[in-house]
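The next block is model.pdb, given as PDB, C-alpha atoms.
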```
ATOM      1  CA  MET A  26     -15.589 -91.012  40.802
ATOM      2  CA  HIS A  27     -12.767 -90.727  38.288
ATOM      3  CA  TYR A  28     -10.162 -89.706  40.882
ATOM      4  CA  ARG A  29      -9.999 -91.566  44.111
ATOM      5  CA  VAL A  30      -7.714 -92.298  47.087
ATOM      6  CA  THR A  31      -8.951 -95.202  49.155
ATOM      7  CA  ASP A  32      -7.721 -97.695  51.724
ATOM      8  CA  GLU A  33      -9.926-100.387  50.194
ATOM      9  CA  ALA A  34      -8.700-102.987  47.694
ATOM     10  CA  LEU A  35      -8.732-101.714  44.098
ATOM     11  CA  ASP A  36     -10.862-103.715  41.678
ATOM     12  CA  PRO A  37     -10.179-102.906  38.006
ATOM     13  CA  ARG A  38     -13.634-104.227  37.082
ATOM     14  CA  GLU A  39     -15.164-101.293  38.929
ATOM     15  CA  LEU A  40     -13.639 -99.009  36.312
ATOM     16  CA  GLU A  41     -15.821-100.647  33.662
ATOM     17  CA  ARG A  42     -18.526 -98.125  34.499
ATOM     18  CA  PHE A  43     -16.515 -95.603  32.480
ATOM     19  CA  LEU A  44     -16.409 -97.752  29.354
ATOM     20  CA  ASP A  45     -19.810 -97.082  27.825
ATOM     21  CA  LYS A  46     -18.811 -94.659  25.047
ATOM     22  CA  PRO A  47     -19.552 -96.078  21.570
ATOM     23  CA  GLU A  48     -16.592 -94.239  20.003
ATOM     24  CA  ASN A  49     -14.121 -96.224  22.135
ATOM     25  CA  GLY A  50     -11.841 -98.558  20.218
ATOM     26  CA  ALA A  51      -9.106 -98.997  22.836
ATOM     27  CA  VAL A  52      -9.127 -99.458  26.592
ATOM     28  CA  ILE A  53      -5.920 -99.392  28.657
ATOM     29  CA  ASN A  54      -6.463-100.608  32.184
ATOM     30  CA  PHE A  55      -3.110-100.228  33.926
ATOM     31  CA  GLN A  56      -2.355-101.706  37.345
ATOM     32  CA  GLY A  57       0.709-100.890  39.450
ATOM     33  CA  VAL A  58       1.423-103.835  41.736
ATOM     34  CA  VAL A  59       3.577-104.242  44.850
ATOM     35  CA  ARG A  60       6.728-106.101  43.880
ATOM     36  CA  ARG A  61       8.638-108.500  46.099
ATOM     37  CA  GLN A  62      12.053-107.020  45.432
ATOM     38  CA  SER A  63      13.044-103.356  45.692
ATOM     39  CA  ARG A  64      16.575-101.958  45.476
ATOM     40  CA  GLY A  65      17.971-105.423  46.092
ATOM     41  CA  ARG A  66      15.961-105.963  49.282
ATOM     42  CA  ILE A  67      13.043-108.277  49.889
ATOM     43  CA  VAL A  68       9.909-106.302  50.678
ATOM     44  CA  ASP A  69       7.661-107.684  53.385
ATOM     45  CA  TYR A  70       4.889-105.185  52.686
ATOM     46  CA  LEU A  71       4.370-101.516  51.727
ATOM     47  CA  GLU A  72       2.505 -98.811  53.541
ATOM     48  CA  TYR A  73       1.127 -95.927  51.482
ATOM     49  CA  ASP A  74       0.281 -92.549  52.943
ATOM     50  CA  ALA A  75      -1.444 -89.752  51.010
ATOM     51  CA  TYR A  76      -2.579 -86.178  51.314
ATOM     52  CA  ALA A  77      -5.886 -87.441  50.000
ATOM     53  CA  PRO A  78      -7.866 -84.246  49.251
ATOM     54  CA  MET A  79      -4.937 -82.713  47.397
ATOM     55  CA  ALA A  80      -4.054 -86.012  45.708
ATOM     56  CA  THR A  81      -7.468 -86.241  44.054
ATOM     57  CA  LYS A  82      -7.180 -82.619  42.894
ATOM     58  CA  VAL A  83      -3.753 -83.271  41.375
ATOM     59  CA  MET A  84      -5.084 -86.418  39.677
ATOM     60  CA  ALA A  85      -7.848 -84.286  38.133
ATOM     61  CA  GLN A  86      -5.255 -81.748  36.985
ATOM     62  CA  ILE A  87      -3.290 -84.566  35.319
ATOM     63  CA  GLY A  88      -6.558 -85.656  33.691
ATOM     64  CA  GLU A  89      -6.939 -82.208  32.141
ATOM     65  CA  GLU A  90      -3.315 -82.266  30.971
ATOM     66  CA  VAL A  91      -3.750 -85.689  29.358
ATOM     67  CA  LYS A  92      -6.972 -84.684  27.604
ATOM     68  CA  ALA A  93      -5.309 -81.542  26.265
ATOM     69  CA  ARG A  94      -2.493 -83.598  24.721
ATOM     70  CA  TRP A  95      -4.276 -86.689  23.353
ATOM     71  CA  PRO A  96      -7.766 -87.232  21.875
ATOM     72  CA  ILE A  97      -8.840 -89.673  24.563
ATOM     73  CA  THR A  98     -12.449 -90.224  25.600
ATOM     74  CA  ASP A  99     -11.998 -90.973  29.287
ATOM     75  CA  PHE A 100      -9.400 -91.088  32.036
ATOM     76  CA  ALA A 101      -9.484 -92.287  35.636
ATOM     77  CA  VAL A 102      -6.913 -92.712  38.435
ATOM     78  CA  TRP A 103      -7.405 -94.612  41.673
ATOM     79  CA  HIS A 104      -4.669 -94.974  44.299
ATOM     80  CA  ARG A 105      -4.772 -97.182  47.334
ATOM     81  CA  THR A 106      -3.360 -96.261  50.763
ATOM     82  CA  GLY A 107      -2.557 -98.181  53.932
ATOM     83  CA  ARG A 108      -0.846-101.548  54.136
ATOM     84  CA  LEU A 109      -0.391-103.452  50.861
ATOM     85  CA  GLU A 110       1.039-106.937  50.538
ATOM     86  CA  VAL A 111       3.220-108.127  47.661
ATOM     87  CA  GLY A 112       1.052-108.690  44.585
ATOM     88  CA  GLU A 113      -1.654-106.224  45.602
ATOM     89  CA  THR A 114      -2.610-103.317  43.347
ATOM     90  CA  SER A 115      -1.567 -99.843  44.494
ATOM     91  CA  LEU A 116      -2.512 -97.877  41.372
ATOM     92  CA  LEU A 117      -5.164 -98.115  38.669
ATOM     93  CA  VAL A 118      -5.110 -95.918  35.590
ATOM     94  CA  LEU A 119      -7.812 -96.191  32.946
ATOM     95  CA  VAL A 120      -7.529 -94.582  29.513
ATOM     96  CA  THR A 121     -10.066 -95.015  26.733
ATOM     97  CA  SER A 122      -9.842 -93.670  23.193
ATOM     98  CA  PRO A 123     -10.963 -94.397  19.639
ATOM     99  CA  HIS A 124      -7.509 -95.767  18.698
ATOM    100  CA  ARG A 125      -4.796 -97.588  20.618
ATOM    101  CA  LYS A 126      -1.787 -95.385  19.900
ATOM    102  CA  GLU A 127      -3.011 -92.335  21.803
ATOM    103  CA  ALA A 128      -4.287 -94.518  24.646
ATOM    104  CA  PHE A 129      -0.890 -96.171  25.150
ATOM    105  CA  GLU A 130       0.959 -92.862  24.938
ATOM    106  CA  ALA A 131      -1.447 -91.055  27.248
ATOM    107  CA  CYS A 132      -1.339 -93.845  29.839
ATOM    108  CA  ALA A 133       2.482 -94.019  29.920
ATOM    109  CA  TRP A 134       2.748 -90.246  30.231
ATOM    110  CA  ALA A 135       0.073 -90.091  32.927
ATOM    111  CA  VAL A 136       1.740 -92.760  35.071
ATOM    112  CA  ASP A 137       5.035 -90.836  34.957
ATOM    113  CA  ARG A 138       3.212 -87.631  35.881
ATOM    114  CA  ILE A 139       1.362 -89.347  38.754
ATOM    115  CA  LYS A 140       4.653 -90.566  40.207
ATOM    116  CA  GLU A 141       6.073 -87.079  39.864
ATOM    117  CA  ILE A 142       3.438 -84.840  41.471
ATOM    118  CA  VAL A 143       0.587 -86.692  43.219
ATOM    119  CA  PRO A 144       1.172 -86.388  46.998
ATOM    120  CA  VAL A 145       1.398 -90.083  47.893
ATOM    121  CA  TRP A 146       4.282 -91.754  49.724
ATOM    122  CA  LYS A 147       5.258 -95.320  50.399
ATOM    123  CA  ARG A 148       7.175 -96.888  53.234
ATOM    124  CA  GLU A 149       8.986-100.120  52.481
ATOM    125  CA  VAL A 150       8.951-102.611  55.309
ATOM    126  CA  TRP A 151      11.549-105.397  55.284
ATOM    127  CA  ASP A 152      12.084-108.124  57.857
ATOM    128  CA  ASP A 153      14.923-106.080  59.429
ATOM    129  CA  GLY A 154      13.664-102.489  59.204
ATOM    130  CA  SER A 155      11.688 -99.967  57.194
ATOM    131  CA  SER A 156      12.070 -96.688  55.369
ATOM    132  CA  TRP A 157      10.035 -94.035  53.634
ATOM    133  CA  VAL A 158      10.786 -93.792  49.937
ATOM    134  CA  GLU A 159      10.932 -90.160  48.831
ATOM    135  CA  GLY A 160      11.554 -89.671  45.153
ATOM    136  CA  ASP A 161      14.147 -92.364  44.486
ATOM    137  CA  THR A 162      15.676 -92.095  47.931
ATOM    138  CA  LEU A 163      15.312 -94.088  51.124
ATOM    139  CA  VAL A 164      15.002 -91.815  54.161
ATOM    140  CA  SER A 165      14.364 -92.042  57.887
ATOM    141  CA  GLN A 166      15.400 -95.645  58.001
ATOM    142  CA  ARG A 167      14.250 -97.452  61.098
ATOM    143  CA  GLU A 168      15.135-100.784  62.590
ATOM    144  CA  PRO A 169      13.581-103.011  63.542
ATOM    145  CA  ALA A 170      10.279-102.772  61.670
ATOM    146  CA  GLY A 171       8.354-103.323  64.872
ATOM    147  CA  ALA A 172       9.554 -99.972  66.190
ATOM    148  CA  ALA A 173       7.875 -98.068  63.349
ATOM    149  CA  GLY A 174       5.392 -95.507  64.569
ATOM    150  CA  GLY A 175       3.584 -95.385  61.212
TER     151      GLY A 175
ATOM    152  CA  MET B  30      -2.874 -65.604  62.578
ATOM    153  CA  HIS B  31      -3.495 -69.330  62.768
ATOM    154  CA  ILE B  32      -2.136 -71.774  60.232
ATOM    155  CA  ASP B  33      -3.096 -75.427  59.959
ATOM    156  CA  VAL B  34       0.110 -77.338  59.130
ATOM    157  CA  LEU B  35       0.029 -80.857  57.664
ATOM    158  CA  LEU B  36       3.070 -83.135  57.609
ATOM    159  CA  PHE B  37       3.692 -86.341  55.705
ATOM    160  CA  ALA B  38       6.054 -89.319  55.481
ATOM    161  CA  SER B  39       9.576 -88.630  56.862
ATOM    162  CA  VAL B  40       8.642 -85.074  57.839
ATOM    163  CA  ARG B  41       5.779 -86.355  59.940
ATOM    164  CA  ASP B  42       8.190 -88.785  61.608
ATOM    165  CA  ALA B  43      10.689 -85.972  62.266
ATOM    166  CA  VAL B  44       8.054 -83.860  64.001
ATOM    167  CA  GLY B  45       6.171 -86.748  65.553
ATOM    168  CA  GLN B  46       2.799 -85.311  64.543
ATOM    169  CA  ARG B  47       0.687 -85.292  61.448
ATOM    170  CA  ARG B  48      -1.002 -81.961  62.089
ATOM    171  CA  LEU B  49       0.056 -78.792  63.923
ATOM    172  CA  ALA B  50      -1.887 -75.645  64.770
ATOM    173  CA  VAL B  51       0.681 -72.852  64.451
ATOM    174  CA  ALA B  52       0.292 -69.200  65.428
ATOM    175  CA  THR B  53       2.342 -66.914  63.154
ATOM    176  CA  PRO B  54       2.632 -63.139  62.653
ATOM    177  CA  GLU B  55       0.592 -61.518  59.884
ATOM    178  CA  GLY B  56       2.457 -61.464  56.585
ATOM    179  CA  ASP B  57       4.489 -64.605  57.204
ATOM    180  CA  THR B  58       5.472 -66.550  54.109
ATOM    181  CA  VAL B  59       5.669 -70.305  53.647
ATOM    182  CA  GLU B  60       9.451 -70.038  54.069
ATOM    183  CA  GLN B  61       9.130 -68.113  57.342
ATOM    184  CA  LEU B  62       6.635 -70.643  58.638
ATOM    185  CA  LEU B  63       9.034 -73.453  57.748
ATOM    186  CA  GLN B  64      11.949 -71.749  59.529
ATOM    187  CA  ARG B  65       9.726 -71.314  62.584
ATOM    188  CA  LEU B  66       8.968 -75.040  62.538
ATOM    189  CA  VAL B  67      12.659 -75.906  62.134
ATOM    190  CA  SER B  68      13.517 -73.936  65.259
ATOM    191  CA  ASP B  69      10.739 -75.731  67.170
ATOM    192  CA  TYR B  70      11.575 -79.146  65.684
ATOM    193  CA  PRO B  71      15.340 -79.231  64.915
ATOM    194  CA  LYS B  72      15.044 -82.679  63.303
ATOM    195  CA  LEU B  73      13.298 -80.939  60.391
ATOM    196  CA  ALA B  74      16.485 -79.136  59.394
ATOM    197  CA  GLY B  75      17.764 -82.021  57.289
ATOM    198  CA  HIS B  76      14.565 -82.130  55.240
ATOM    199  CA  THR B  77      14.017 -78.534  54.187
ATOM    200  CA  GLY B  78      16.085 -78.694  50.998
ATOM    201  CA  THR B  79      13.810 -81.217  49.304
ATOM    202  CA  LEU B  80      10.418 -80.143  50.628
ATOM    203  CA  MET B  81       7.654 -78.770  48.437
ATOM    204  CA  ALA B  82       4.830 -76.791  49.970
ATOM    205  CA  ALA B  83       1.121 -76.665  49.256
ATOM    206  CA  VAL B  84      -1.185 -73.900  50.408
ATOM    207  CA  ASN B  85      -4.860 -74.858  50.564
ATOM    208  CA  GLN B  86      -4.124 -78.040  48.599
ATOM    209  CA  GLU B  87      -2.230 -76.452  45.712
ATOM    210  CA  TYR B  88       1.538 -76.453  45.199
ATOM    211  CA  ALA B  89       2.855 -73.017  46.151
ATOM    212  CA  PRO B  90       6.272 -71.302  46.104
ATOM    213  CA  ARG B  91       8.065 -70.730  49.408
ATOM    214  CA  ALA B  92       7.591 -66.960  48.960
ATOM    215  CA  THR B  93       3.794 -67.277  49.121
ATOM    216  CA  VAL B  94       2.295 -64.961  51.755
ATOM    217  CA  LEU B  95      -0.014 -66.773  54.136
ATOM    218  CA  HIS B  96      -3.437 -65.764  55.436
ATOM    219  CA  ASP B  97      -5.300 -66.608  58.606
ATOM    220  CA  GLY B  98      -6.825 -70.075  58.405
ATOM    221  CA  ASP B  99      -4.623 -71.315  55.541
ATOM    222  CA  GLU B 100      -3.849 -75.012  55.337
ATOM    223  CA  VAL B 101      -0.140 -75.507  54.617
ATOM    224  CA  ALA B 102       1.268 -78.935  53.782
ATOM    225  CA  PHE B 103       4.973 -79.748  53.661
ATOM    226  CA  ILE B 104       5.458 -82.367  51.000
ATOM    227  CA  PRO B 105       8.571 -84.544  50.677
ATOM    228  CA  PRO B 106       9.411 -85.929  47.203
ATOM    229  CA  VAL B 107       6.471 -88.189  46.351
ATOM    230  CA  SER B 108       6.647 -91.948  45.725
ATOM    231  CA  GLY B 109       3.225 -93.140  44.642
ATOM    232  CA  GLY B 110       2.476 -95.848  42.112
ATOM    233  CA  SER B 111       4.779 -98.849  42.144
ATOM    234  CA  ASP B 112       8.468 -99.358  41.423
ATOM    235  CA  ALA B 113       7.637-101.444  38.390
ATOM    236  CA  LEU B 114       6.498 -98.355  36.488
TER     237      LEU B 114
END
```

Before we go any further, please render this structure as structure tokens.
Amino acid sequence: MHYRVTDEALDPRELERFLDKPENGAVINFQGVVRRQSRGRIVDYLEYDAYAPMATKVMAQIGEEVKARWPITDFAVWHRTGRLEVGETSLLVLVTSPHRKEAFEACAWAVDRIKEIVPVWKREVWDDGSSWVEGDTLVSQREPAGAAGG
Amino acid sequence: MHIDVLLFASVRDAVGQRRLAVATPEGDTVEQLLQRLVSDYPKLAGHTGTLMAAVNQEYAPRATVLHDGDEVAFIPPVSGGSDAL
């Protein structure tokens, strides 16, 4: 599957199944990773929620948009949901193409587009509370974290 | 008619449920459905300005007319990927 939302750990090596085209000269295998620090606060862990059936459709739509703009040979997006610890991979994006320039450009554009329209949300959990992140904004802040209903 | 409503992130917290089965009059739009929900769940009022809607898993304007059995999702601004991007 090129477009996937899963609560299982993401393994970039699994994307190698898409790499068998002889015209490929460049492979971008991008990973978005949970960072320790966010907006000046120390993140304990993140919790991702998704509207999974729509998310995979929107990923496929982004795939069509990317292929219409750049001569790439393949494109895949996997997003993880559920609880993710610092250092774990939340997002995988694979772009393959004959030459590197279009692969880099397509990947950067696609990641921006994913963050803009794919229906996935994260909740930051700190040691003294938690909040959904919506766009660039913290909302529905709750304290303490233990009171979170998920 | 019966509409299957899906709620996510802060909107789900405001309502306290992820899924609602809502009975609405024929011809209701997404906007009218949302206003109906706001009167049932007043905590939603603070969210309506930023919400997007999807009908049957595609983004749809608030003026979209609904049909029996539609799945309507109210979608807060998304935040997938990671902050490093």

Please identify every residue of chain B that has at least one atom no more than 10 Å from any atom of chain A, counting all atoms listed in the file, and report them as a PDB file with C-alpha atoms, in the frame of the given file.
```
ATOM      1  CA  LEU B  35       0.029 -80.857  57.664  1.00  0.00           C
ATOM      2  CA  LEU B  36       3.070 -83.135  57.609  1.00  0.00           C
ATOM      3  CA  PHE B  37       3.692 -86.341  55.705  1.00  0.00           C
ATOM      4  CA  ALA B  38       6.054 -89.319  55.481  1.00  0.00           C
ATOM      5  CA  SER B  39       9.576 -88.630  56.862  1.00  0.00           C
ATOM      6  CA  VAL B  40       8.642 -85.074  57.839  1.00  0.00           C
ATOM      7  CA  ARG B  41       5.779 -86.355  59.940  1.00  0.00           C
ATOM      8  CA  ASP B  42       8.190 -88.785  61.608  1.00  0.00           C
ATOM      9  CA  ALA B  43      10.689 -85.972  62.266  1.00  0.00           C
ATOM     10  CA  GLY B  45       6.171 -86.748  65.553  1.00  0.00           C
ATOM     11  CA  HIS B  76      14.565 -82.130  55.240  1.00  0.00           C
ATOM     12  CA  THR B  79      13.810 -81.217  49.304  1.00  0.00           C
ATOM     13  CA  ALA B  83       1.121 -76.665  49.256  1.00  0.00           C
ATOM     14  CA  ASN B  85      -4.860 -74.858  50.564  1.00  0.00           C
ATOM     15  CA  GLN B  86      -4.124 -78.040  48.599  1.00  0.00           C
ATOM     16  CA  GLU B  87      -2.230 -76.452  45.712  1.00  0.00           C
ATOM     17  CA  TYR B  88       1.538 -76.453  45.199  1.00  0.00           C
ATOM     18  CA  ALA B 102       1.268 -78.935  53.782  1.00  0.00           C
ATOM     19  CA  ILE B 104       5.458 -82.367  51.000  1.00  0.00           C
ATOM     20  CA  PRO B 105       8.571 -84.544  50.677  1.00  0.00           C
ATOM     21  CA  PRO B 106       9.411 -85.929  47.203  1.00  0.00           C
ATOM     22  CA  VAL B 107       6.471 -88.189  46.351  1.00  0.00           C
ATOM     23  CA  SER B 108       6.647 -91.948  45.725  1.00  0.00           C
ATOM     24  CA  GLY B 109       3.225 -93.140  44.642  1.00  0.00           C
ATOM     25  CA  GLY B 110       2.476 -95.848  42.112  1.00  0.00           C
ATOM     26  CA  SER B 111       4.779 -98.849  42.144  1.00  0.00           C
ATOM     27  CA  ASP B 112       8.468 -99.358  41.423  1.00  0.00           C
ATOM     28  CA  ALA B 113       7.637-101.444  38.390  1.00  0.00           C
ATOM     29  CA  LEU B 114       6.498 -98.355  36.488  1.00  0.00           C
TER      30      LEU B 114
END
```

Specify the axis-aligned box that encloses all atoms of segment 141-144 of chain A listed in the file after padding of 4 Å on each side, stating its centre and edge lengths in Å to one decimal as JSON.
```
{"center_x": 3.3, "center_y": -86.0, "center_z": 43.4, "size_x": 13.5, "size_y": 10.2, "size_z": 15.1}
```

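By all atoms listed in the file, and with residues fewer than 6 positions from Asp99 of chain A along its chain excluded, the set lying at most 10 Å from it is His27, Phe43, Leu44, Lys46, Asn49, Val52, Gly88, Val91, Lys92, Leu119, Val120, Thr121, Ser122 and Ala128 of chain A.
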
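Omitting Gln61 of chain B and its sequence neighbours fewer than 3 positions away, and counting only C-alpha atoms, the residues within 10 Å are Thr53, Pro54, Gly56, Asp57, Thr58, Gln64, Arg65, Leu66, Val67, Arg91, Ala92, Thr93, Val94 and Leu95 of chain B.
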
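For the residues B:Asp97, B:Glu60, B:Asp69, B:Asp33, ranking by smallest atom-to-atom distance to Arg48 of chain B using all atoms listed in the file places B:Asp33 first.
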
Hey, can you check how far atom CA of Glu72 of chain A sits from atom CA of Phe103 of chain B?
19.2 Å

When you draw a straight line from atom CA of Leu62 of chain B to atom CA of Val101 of chain B, how long is it in Å?
9.3 Å

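Distances here use all atoms listed in the file; by that measure, the residue among A:Glu89, A:Asp45, A:Glu149, A:Glu113 closest to Arg66 of chain A is A:Glu149.
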
Rounded to one decimal in Å, what is the spacing between atom CA of Tyr70 of chain B and atom CA of Val44 of chain B?
6.1 Å

Shell of 10 Å around Trp95 of chain A, all atoms listed in the file, local chain residues under 5 positions omitted, as a ChimeraX atom specification:
/A:90,122,126-128,130-131

Please write the residues from the selection above to a file, keeping C-alpha atoms, as an mmCIF file, keeping the file's coordinate frame.
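again.cif was written with the following content:
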```
data_model
loop_
_atom_site.group_PDB
_atom_site.id
_atom_site.type_symbol
_atom_site.label_atom_id
_atom_site.label_comp_id
_atom_site.auth_asym_id
_atom_site.auth_seq_id
_atom_site.Cartn_x
_atom_site.Cartn_y
_atom_site.Cartn_z
ATOM 1 C CA GLU A 90 -3.315 -82.266 30.971
ATOM 2 C CA SER A 122 -9.842 -93.670 23.193
ATOM 3 C CA LYS A 126 -1.787 -95.385 19.900
ATOM 4 C CA GLU A 127 -3.011 -92.335 21.803
ATOM 5 C CA ALA A 128 -4.287 -94.518 24.646
ATOM 6 C CA GLU A 130 0.959 -92.862 24.938
ATOM 7 C CA ALA A 131 -1.447 -91.055 27.248
#
```
